[in-house]
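Have a look at the structure below, then the notes.
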Number of protein chains: 2
Amino acid sequence: MSEQFTNVKSVFRKRFSNLSSAITNRLWLNADTNYECDVLLTFPARIDDHVIIWFLEKFIQLQPDIRISIKYHFTTGVYGFYVTFTYERILKGADTLQLEKPIKQEFGGGYRIFSFDELEFYEGVENEEKFLSSQERQSIVFHLLYSIRIIENEIINRIKFKIDQSLIQRGLEKELIRQIIPLHNKEQLNYLREIWVWPKNIITPQPIEKIRQYFGVKIALYFCWLSCYTKALCLPALYGIYIWYYTGQSQELDDKLFIINSLLNIIWATGFLIFWRRRQAELAYQWNTLDMEQLEETRATYKGTLRRSPVTNKYEPYYPSWKRLLFRLFVTIPMLIINIVLVSILILIIIRFQSWIDRQLKVGRLPSLMSLTELLPKILLALVTTVFDDVYKYVCRWLTDRENYREQRVHDNQMIAKMFACACVNSYLSVFYIAFFTHKYIRLSDQLITIFVIKQFWDHIKEAIIPYIVSNTRLSVLIELSKKEQARYAERKDLNKKLKNILDQLNNSKQIKNINEISTENSFSSHDSIPSFETLSLSQAEIECLQPKWPDLYEDYLELVIQFGYIIFLSTLFPLAAFFSLLNNIVEIRADAFKLCMICQRPFSQRVKDIGHWQKIMEYMVIAAIIVNCIFCSIRGVFRRMLPDLPFAAEIFLLICIEHLLILICKIIRASIENVPYWVRVEKAKMEYRRREALTKLECNALHLKDNNTQANTT
Amino acid sequence: MSEQFTNVKSVFRKRFSNLSSAITNRLWLNADTNYECDVLLTFPARIDDHVIIWFLEKFIQLQPDIRISIKYHFTTGVYGFYVTFTYERILKGADTLQLEKPIKQEFGGGYRIFSFDELEFYEGVENEEKFLSSQERQSIVFHLLYSIRIIENEIINRIKFKIDQSLIQRGLEKELIRQIIPLHNKEQLNYLREIWVWPKNIITPQPIEKIRQYFGVKIALYFCWLSCYTKALCLPALYGIYIWYYTGQSQELDDKLFIINSLLNIIWATGFLIFWRRRQAELAYQWNTLDMEQLEETRATYKGTLRRSPVTNKYEPYYPSWKRLLFRLFVTIPMLIINIVLVSILILIIIRFQSWIDRQLKVGRLPSLMSLTELLPKILLALVTTVFDDVYKYVCRWLTDRENYREQRVHDNQMIAKMFACACVNSYLSVFYIAFFTHKYIRLSDQLITIFVIKQFWDHIKEAIIPYIVSNTRLSVLIELSKKEQARYAERKDLNKKLKNILDQLNNSKQIKNINEISTENSFSSHDSIPSFETLSLSQAEIECLQPKWPDLYEDYLELVIQFGYIIFLSTLFPLAAFFSLLNNIVEIRADAFKLCMICQRPFSQRVKDIGHWQKIMEYMVIAAIIVNCIFCSIRGVFRRMLPDLPFAAEIFLLICIEHLLILICKIIRASIENVPYWVRVEKAKMEYRRREALTKLECNALHLKDNNTQANTT
């Protein structure tokens, strides 16, 4: 039996040694045009030489399949490791990450989770350049780097590395490594910039498929959702304008419009959410993420003590859930409560302060100063909300990271829940307080206009324009500064030699040439002369190093979900809300694209099958909207005017009945429409069936072959 | 390639011919002790001879693997076909039905959906008597019988049989076939009767595992749920007694007890439902029904025109969903509404009538007649509810059957939803009307006591005692009558000969002996003499034919779910509700067991993974209970007495807030506890992992063998 296995292995090995040599002879089309690499790892500028050497040695020792090119970045004075792995190792990584890949027609076709041991079955696995897209390669390389674990306790630069810690993670944590970034593909990026960020027509559809191929499923799904939501907004924008036009003519008409508006909003929101849920299932099917839940990959930054997994019986990090529970009970919840209470108190104080100033101004006790005094509390409110916006985002990130979830999906959902709880208070409290308790509807309308026009406009500037200017300025400053680095370059001679030696040794010992190399660009390692200033032009990779990190999608979603809330909660007070949101979102699409393509580093791709808890949150918001609108009905006296003879208690009772009835109807509608469209279910069943058939065939073949073998042996 | 397949087939065939001959040589231990059969099919007594012959010929023609023994039932004058199939066909059926069976240790162990083409991998497949339990065999035989479809249009006895109709289904529909029943296993049944129906101690735990093996998962799950619910009832029974004891001492204490009782009820109900959801997942894991949803089997009674399936590309019956939608919109919903409205009106009229009589009695205008006059409306109410109880059950059954669902699970859920909607009105309307609108709490308590003591007691009699007496009486009458059948027996001689000829012919042509036979018991076919009266003793199978059909679990669940509702809705008015329910349910377990083991025919087993919509319904009932209790709080003035200075509107507002808060808390608790216990998730992941590993190994072997083969060919 063991001999048989050795046989099989040798076959695989032969095939792979051919592939490996192929790697070295060509450039990867999908990688950065200058370097045969997927991921760039940089060290801090002022780090000791021996740390870099130690890391290089560790990488080579712990993961011999690694391929490293080293380059010194003149402008910033940092060393960059341009990292990739052999194709064989990358394919194994694709197996671990459970990427879905197409099966050859003769084996049943369709998509299936990639398995390294079943290489034969996958379409185009021989074509190394095309089989995996650049973002898939990058995810795999990232995962492989992260899973390099230390095998004996060591101390470097006074930092302890304990057994089984992730080398990279610990390095990043203790700032021995500055960052790890996937590199852009200039050609594809330029295409996206042209078609997506600066289209000729602002309402051109987005190239979703291209986005998915370049940035991965998670980001593509966001833009899909955003475009879906924006299109859906046309409806409330239309009837919003209509209602806005007719509002204010007579009290009776206003009341009717109020009720119609509330109902239309709720119907629209329910419909949109159902539609999106079905669309999402379609996308998940098309992008092969529908059944990815079964064996989820461990998050790269998951920490824990090593133990034998009860499932696979292999060692894996483990963080006991009681610790997480304790942390959540005694740190997360108190901190969130403190945060929320603090914001609430501050906001309420400012609102009281506003009322006080208003009253003082009316009786003339305070000088108006060109209505500056009146504006003071408003500015204060804006300031507090903006400051706490950043504070709670930071707090939520920190808390969720500390809670240390194993799966990315759970991590995201927990983050979403926390952020939304805080953002809710921050965004809605002042508005609802004014609406429910002070009844100053004119002031409220003012505030809503401010939110919809000024705040959203300001957000674009804050998110896109300012970072762009900042990063550009920083870049030019850095180039100026880098001139001084030339002196420092001389000091680096020694290190360069050492690094080159290590790599040479490795290359010789393995008899593989040109794989691990000190880059000769900017010509420092080959002829050791100080390069002239002209050669100091920045490479694409160096620029990317200087760009800010891309801050996932939490804030983008949050902003839009809060906007969704304003529309369904408050558009009865401000019917144009949906219209302004529509305008904003058309710009938002391009602003977010701009952020991704022009400002930030390329993010590592993530695979998700839905937008996570946001869907649930929006569904709960619709329920909340029903309650809020019923309260408005009562507070604004809509009902009292319609049924003037009804006693107050009966009115409230009636409203509760209506509220409960609406919620019930909402739930029934939701429950009675399938989450997954019919054709997707059929396609899934088809796939499942084909797979079963193919498997049966395969097993029949195996049996037959065995049979033949025994026959051959007997004859 | 085709040659290879032929080879493989021949190997399988060889193996099976051995097995088949083995079948004929022994009796199946799991089948009825008298006949080698799994399922009994009987014809009506007065049916024409040629129909029976036609059916026999059809069976043999359309499904040659069938094995039939024919026996004439003297007592009832009907012919019985004792049916089974060859072991090979039954195993293929197990594949179609996707039964989960244990894998051999060397292939990874654990359970897996049975696949006929992978026979090798299953533990104990060689042992025909043990591999499938009697209920599994019966389900398979039932399924195979049902899937016999007619291949050309025919008319028999003026009944049209169209192409692709199910022979059995059409026969049953048009009453050419009387019934198809699985036969009891006397040994196992006696064991269950002893241990389960008549235990020495009424609180002995039920032998759930035995029940599952004998009656299948669905019934076992019901009894598990019932026992779980009964145990859970101890808690509210205890505090119910406590509260009942202290109620009535002072208004203040009563109010406090009222609030405590409501809260305790809601907490208990939420806790119980969460507990059950987790327990259910455990059971589903233990019984291997956890991941059975993927490819669900078509219901045996599913009708539709044949079309090529888009999934498997084979012909299958298809019923367009728009037809179902239309039926639901224009038949189901109107009929349910009519039913509900009718019951409501009748109940309200009776309640009004009661009030009128009460008033008349008070002023002395009506004679009391030993309080009979007062009782009249109560009796009327009981009568109306009882009658409509049967009416709506019949209507729901009919409607759901006509809606023609493909999957049993969907069918069950639709049935449950309909029955619950009707039962709700029938059971709760009078109580809630009295509670909310007439405020006669003493009358209400009376009614609740009636429900909990008399009605539940009566239900046991109605469900268990009466049917038992009826069926026993019927049996003795039939035996009396059967004496007259002796004359008729002479007329049957011809038919017997013909049937025997057909079977003999078949046996000879196939060179298989003793498989299809006219039973020689009661010795009519072998020596053609009229048996003496003494030999007319009833066989077990004949008795079973005379028993009533078992009416699935809908009503059993319904009764208990309605009871659950009474407890959480109304135990504030009648704190002993839970206690009486507890007493009732202890009897209920045995009564239902009695029904299964003593009165009804053995049911075909069904595989389910949960209790279906009942769980959801109970979850919604908890939400409803929160609302109902808040309303009671307001109506009974609990709040007004506690906070006497609060204006009425403010009180209602406060109550709404409390209500919404409670619902929110309930939802959060539910969402934050995992549906599936940790250990089950780990076990599932383990199984999945092992399966993957085994599959990889298998494929490696296949590759290796292929490799060897090519090597052998070249040398």
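Residue numbering restarts at 1 for every chain of the structure tokens, chains are lettered A, B, ... in their displayed order, and ligands are numbered from 1 as they appear.
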
Applying 7 Å and only C-alpha atoms, which residues near B:Tyr405 remain after dropping the ones on its own chain fewer than 3 positions away? List them as a PyMOL selection string. chain B and resi 302+410-411

Quick one: everything within 8 Å of A:Ala649, counting only C-alpha atoms, minus sequence neighbours fewer than 4 positions away in the same chain. Send it as a VMD selection string. (chain A and resid 653) or (chain B and resid 648 to 649 652)

Stretch 341-411 of chain A: which residues are alpha helix (DSSP H) by DSSP, as a VMD selection string? chain A and resid 341 to 362 372 to 403 408 to 411

Mind the document's chain letters and residue numbers, and return as JSON, numbers by chain the residues of stretch 103-229 of chain B that DSSP labels strand (DSSP E). {"B": [111, 112, 113, 154, 155, 156, 159, 160, 161, 179, 180, 181, 182]}

Spatial neighbours of B:Ser227, 12 Å, only C-alpha atoms, chain gap at least 5 places, as a PyMOL selection string: chain B and resi 203-208+220-222+232-234+276+279+560+582+585-590+592

Contacts of B:Ile52 at 9 Å (only C-alpha atoms; same-chain gap of 5+ positions) as a PyMOL selection string: chain B and resi 43+47+57+79+176+495+499

Save out the residues we just selected, C-alpha atoms, as a PDB file, in the first residue's frame.
ATOM      1  CA  PHE B  43     -58.656  -5.662  -2.748  1.00  0.00           C
ATOM      2  CA  ILE B  47     -64.372  -6.923  -6.826  1.00  0.00           C
ATOM      3  CA  GLU B  57     -50.236  -9.388 -14.356  1.00  0.00           C
ATOM      4  CA  TYR B  79     -57.720 -11.242  -1.564  1.00  0.00           C
ATOM      5  CA  LEU B 176     -59.968  -0.960  -7.085  1.00  0.00           C
ATOM      6  CA  LEU B 495     -59.994 -17.373  -9.694  1.00  0.00           C
ATOM      7  CA  LEU B 499     -53.928 -16.863 -10.082  1.00  0.00           C
TER       8      LEU B 499
END

Can you pull out the residues contacting A:Ala382? Cut-off 12 Å, using only C-alpha atoms, and skip same-chain residues under 4 positions away; I want them as a ChimeraX atom specification. /A:346-347,350-351,375-378,386-389,426-427,430,447,450-451,454-455,458

Residues as selected, N, CA and C atoms, written as a PDB file, in the first residue's frame, can you do that?
ATOM      1  N   LEU A 346     -24.125  63.878  25.950  1.00  0.00           N
ATOM      2  CA  LEU A 346     -23.577  65.039  25.260  1.00  0.00           C
ATOM      3  C   LEU A 346     -24.589  65.617  24.267  1.00  0.00           C
ATOM      4  N   ILE A 347     -25.205  64.714  23.496  1.00  0.00           N
ATOM      5  CA  ILE A 347     -26.164  65.184  22.488  1.00  0.00           C
ATOM      6  C   ILE A 347     -27.346  65.863  23.156  1.00  0.00           C
ATOM      7  N   ILE A 350     -26.434  69.280  24.406  1.00  0.00           N
ATOM      8  CA  ILE A 350     -26.340  70.257  23.319  1.00  0.00           C
ATOM      9  C   ILE A 350     -27.723  70.678  22.852  1.00  0.00           C
ATOM     10  N   ILE A 351     -28.652  69.712  22.794  1.00  0.00           N
ATOM     11  CA  ILE A 351     -30.008  70.062  22.361  1.00  0.00           C
ATOM     12  C   ILE A 351     -30.664  71.010  23.367  1.00  0.00           C
ATOM     13  N   LEU A 375     -25.978  79.499  15.794  1.00  0.00           N
ATOM     14  CA  LEU A 375     -25.325  78.376  15.107  1.00  0.00           C
ATOM     15  C   LEU A 375     -24.413  77.575  16.031  1.00  0.00           C
ATOM     16  N   LEU A 376     -23.960  78.240  17.121  1.00  0.00           N
ATOM     17  CA  LEU A 376     -22.974  77.606  18.013  1.00  0.00           C
ATOM     18  C   LEU A 376     -23.338  76.183  18.416  1.00  0.00           C
ATOM     19  N   PRO A 377     -24.576  75.925  18.941  1.00  0.00           N
ATOM     20  CA  PRO A 377     -24.898  74.548  19.344  1.00  0.00           C
ATOM     21  C   PRO A 377     -24.898  73.589  18.163  1.00  0.00           C
ATOM     22  N   LYS A 378     -25.321  74.103  17.006  1.00  0.00           N
ATOM     23  CA  LYS A 378     -25.333  73.209  15.832  1.00  0.00           C
ATOM     24  C   LYS A 378     -23.928  72.754  15.488  1.00  0.00           C
ATOM     25  N   THR A 386     -19.153  64.005  14.856  1.00  0.00           N
ATOM     26  CA  THR A 386     -18.017  63.627  14.008  1.00  0.00           C
ATOM     27  C   THR A 386     -16.914  62.981  14.834  1.00  0.00           C
ATOM     28  N   VAL A 387     -16.627  63.590  15.983  1.00  0.00           N
ATOM     29  CA  VAL A 387     -15.566  63.039  16.825  1.00  0.00           C
ATOM     30  C   VAL A 387     -15.927  61.633  17.279  1.00  0.00           C
ATOM     31  N   PHE A 388     -17.179  61.487  17.778  1.00  0.00           N
ATOM     32  CA  PHE A 388     -17.565  60.175  18.281  1.00  0.00           C
ATOM     33  C   PHE A 388     -17.687  59.149  17.152  1.00  0.00           C
ATOM     34  N   ASP A 389     -17.969  59.637  15.956  1.00  0.00           N
ATOM     35  CA  ASP A 389     -17.975  58.765  14.783  1.00  0.00           C
ATOM     36  C   ASP A 389     -16.656  58.013  14.699  1.00  0.00           C
ATOM     37  N   ASN A 426     -25.628  57.753  17.645  1.00  0.00           N
ATOM     38  CA  ASN A 426     -24.948  58.927  17.141  1.00  0.00           C
ATOM     39  C   ASN A 426     -25.765  59.643  16.067  1.00  0.00           C
ATOM     40  N   SER A 427     -26.406  58.876  15.209  1.00  0.00           N
ATOM     41  CA  SER A 427     -27.083  59.493  14.061  1.00  0.00           C
ATOM     42  C   SER A 427     -28.528  59.859  14.354  1.00  0.00           C
ATOM     43  N   SER A 430     -30.454  62.572  18.177  1.00  0.00           N
ATOM     44  CA  SER A 430     -30.836  63.982  18.184  1.00  0.00           C
ATOM     45  C   SER A 430     -32.131  64.179  17.393  1.00  0.00           C
ATOM     46  N   GLN A 447     -32.553  70.307  10.177  1.00  0.00           N
ATOM     47  CA  GLN A 447     -31.485  69.366  10.496  1.00  0.00           C
ATOM     48  C   GLN A 447     -31.389  68.260   9.446  1.00  0.00           C
ATOM     49  N   THR A 450     -29.736  69.504   6.428  1.00  0.00           N
ATOM     50  CA  THR A 450     -28.294  69.556   6.710  1.00  0.00           C
ATOM     51  C   THR A 450     -27.678  68.177   6.513  1.00  0.00           C
ATOM     52  N   ILE A 451     -28.363  67.178   7.101  1.00  0.00           N
ATOM     53  CA  ILE A 451     -27.810  65.821   7.011  1.00  0.00           C
ATOM     54  C   ILE A 451     -27.734  65.375   5.567  1.00  0.00           C
ATOM     55  N   ILE A 454     -25.601  68.692   3.261  1.00  0.00           N
ATOM     56  CA  ILE A 454     -24.254  69.095   3.661  1.00  0.00           C
ATOM     57  C   ILE A 454     -23.432  67.912   4.143  1.00  0.00           C
ATOM     58  N   LYS A 455     -24.035  67.087   5.036  1.00  0.00           N
ATOM     59  CA  LYS A 455     -23.240  66.019   5.638  1.00  0.00           C
ATOM     60  C   LYS A 455     -22.774  65.025   4.579  1.00  0.00           C
ATOM     61  N   TRP A 458     -20.077  66.522   2.527  1.00  0.00           N
ATOM     62  CA  TRP A 458     -18.865  66.590   3.338  1.00  0.00           C
ATOM     63  C   TRP A 458     -18.198  65.201   3.434  1.00  0.00           C
TER      64      TRP A 458
END

Using Å and a single decimal, report how far atom CA of A:Arg178 sits from atom CA of A:Pro548. 12.4 Å

Distance atom CA of B:Ser134-atom CA of B:Asp38, one decimal place? 7.5 Å

In Å, how far is it from atom CA of A:Phe215 to atom CA of A:Glu123?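 The value is 22.8 Å.
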